[in-house]
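Visitor: The structure under discussion is supplied below as C-alpha cells; questions concerning it will follow.
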Amino acid sequence: MDNKNFTFSIQEAETLGVECATVLAATKKIDTLSLSAQEISNHVENTLSFLSATQVLNNVKRLIDLRLIKSKISISKKNNHKPNIYKLKLPSNNNTGKR
C-alpha cells in the first residue's frame, strides 16, 4: 500500500464508527477475495498502526458479517448456506374445535 491516505464518507463514519470506516477504507486498497479475516487483518494492521490488532480483527469480522467486504470465508459460507424451506400448515377440517 503506497498511499497512506484513506477517504470515507461522513455517512460511513456515522453508521459504522470512525475506526470501522477507516478499516473499510484500508481494505478497499487490497484484494480481499482470496484472504481470510485474519489475513485481511494482518495486511491492514501494517498500515493502521494506531489501532490494535484485536481492534482491526474485530472490525474486519464486522465488515465481513455486514457484507461490506468479501473474504475467502464469506464466500465459502455463502456456498454452504442451505435455504430455509418452510411448509405452510393449513387448518384441518376437524370440527372438534367448533361450538
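Following the order of the C-alpha cells, first chain is A, next is B, and so on, with residues numbered from 1 inside each chain and ligands from 1 in the order they appear.
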Pick out the residues sitting within 10 Å of Cys20 in chain A, and hand them over as a tab-separated table (two decimals) with C-alpha atoms, in the first residue's frame; count only C-alpha atoms, and ignore anything fewer than 4 positions along from it in its own chain.

Guide:
chain	number	residue	atom	x	y	z
A	12	GLU	CA	-19.92	5.59	6.74
A	13	ALA	CA	-18.32	7.10	9.84
A	15	THR	CA	-23.07	4.39	10.65
A	16	LEU	CA	-20.03	2.19	11.26
A	24	LEU	CA	-13.12	-0.38	5.47
A	25	ALA	CA	-11.20	2.29	3.57
A	26	ALA	CA	-7.93	0.41	4.14
A	55	GLN	CA	-9.49	-3.80	17.10
A	56	VAL	CA	-8.57	-4.34	13.46
A	58	ASN	CA	-12.95	-7.22	15.22
A	59	ASN	CA	-13.70	-4.51	12.66
A	60	VAL	CA	-12.74	-6.79	9.75
A	62	ARG	CA	-17.84	-6.98	11.50
A	63	LEU	CA	-17.40	-5.73	7.93

Visitor: I'd like the contact shell of Lys28 in chain A - 12 Å cut-off, only C-alpha atoms, skipping same-chain residues fewer than 5 positions apart - returned as a PDB file with C-alpha atoms, in the first residue's frame.

Guide:
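Result written to around_1.pdb:
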ATOM      1  CA  MET A   1       0.000   0.000   0.000  1.00  0.00           C
ATOM      2  CA  ASN A   3      -0.797   5.592  -0.492  1.00  0.00           C
ATOM      3  CA  ASN A   5      -4.357   8.432   2.749  1.00  0.00           C
ATOM      4  CA  PHE A   6      -7.802   6.978   3.265  1.00  0.00           C
ATOM      5  CA  THR A   7     -11.107   8.610   2.482  1.00  0.00           C
ATOM      6  CA  PHE A   8     -14.550   7.640   3.662  1.00  0.00           C
ATOM      7  CA  ALA A  21     -14.861   3.165   8.468  1.00  0.00           C
ATOM      8  CA  THR A  22     -11.068   3.557   8.489  1.00  0.00           C
ATOM      9  CA  VAL A  23     -10.601  -0.217   8.333  1.00  0.00           C
ATOM     10  CA  LEU A  33     -11.433 -12.272  -2.030  1.00  0.00           C
ATOM     11  CA  ILE A  40      -7.009  -9.218   5.870  1.00  0.00           C
ATOM     12  CA  HIS A  43      -2.492  -6.570   5.918  1.00  0.00           C
ATOM     13  CA  VAL A  44      -4.455  -3.699   7.432  1.00  0.00           C
ATOM     14  CA  VAL A  60     -12.743  -6.788   9.754  1.00  0.00           C
ATOM     15  CA  LEU A  63     -17.399  -5.727   7.931  1.00  0.00           C
ATOM     16  CA  LEU A  68     -19.223  -4.755   3.104  1.00  0.00           C
ATOM     17  CA  ILE A  69     -16.058  -6.689   2.297  1.00  0.00           C
ATOM     18  CA  LYS A  70     -15.772 -10.166   0.839  1.00  0.00           C
TER      19      LYS A  70
END

Visitor: Within 6 Å of Ser71 in chain A, counting only C-alpha atoms, which residues qualify if same-chain residues fewer than 6 places away don't, as a list in words?

Guide: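 Final neighbour list, sorted by chain and number: Thr32, Leu33, Leu35 and Ser36 of chain A.
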
Visitor: Could you write out the selected residues, including N, CA and C atoms, as a tab-separated table (two decimals), in the first residue's frame?

Guide:
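Output below, filename part_23.tsv:
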chain	number	residue	atom	x	y	z
A	32	THR	N	-9.35	-8.71	-1.22
A	32	THR	CA	-9.75	-9.49	-0.05
A	32	THR	C	-10.39	-10.82	-0.40
A	33	LEU	N	-10.71	-11.05	-1.65
A	33	LEU	CA	-11.43	-12.27	-2.03
A	33	LEU	C	-10.68	-13.55	-1.72
A	35	LEU	N	-8.41	-13.90	0.71
A	35	LEU	CA	-7.85	-13.84	2.05
A	35	LEU	C	-8.90	-14.15	3.11
A	36	SER	N	-8.44	-14.72	4.22
A	36	SER	CA	-9.32	-14.94	5.37
A	36	SER	C	-9.38	-13.65	6.18

Visitor: Taking only C-alpha atoms into account, which of A:Leu51, A:Asn46, A:Leu66, A:Lys72 comes nearest Ser34 in chain A?

Guide: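 Smallest distance to Ser34 in chain A is found for A:Lys72.
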
Visitor: Compare A:Glu14, A:Glu19, A:Ser9, A:Lys61 by their minimum atom-to-atom distance to Leu48 in chain A, counting only C-alpha atoms, and give me the closest one.

Guide: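 Closest to Leu48 in chain A of all the choices is A:Glu19.
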
Visitor: Can you work out the spacing between CA of Arg67 in chain A and CA of Ala37 in chain A in Å, to one decimal?

Guide: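 Computing the Euclidean distance for CA of Arg67 in chain A and CA of Ala37 in chain A yields 12.4 Å.
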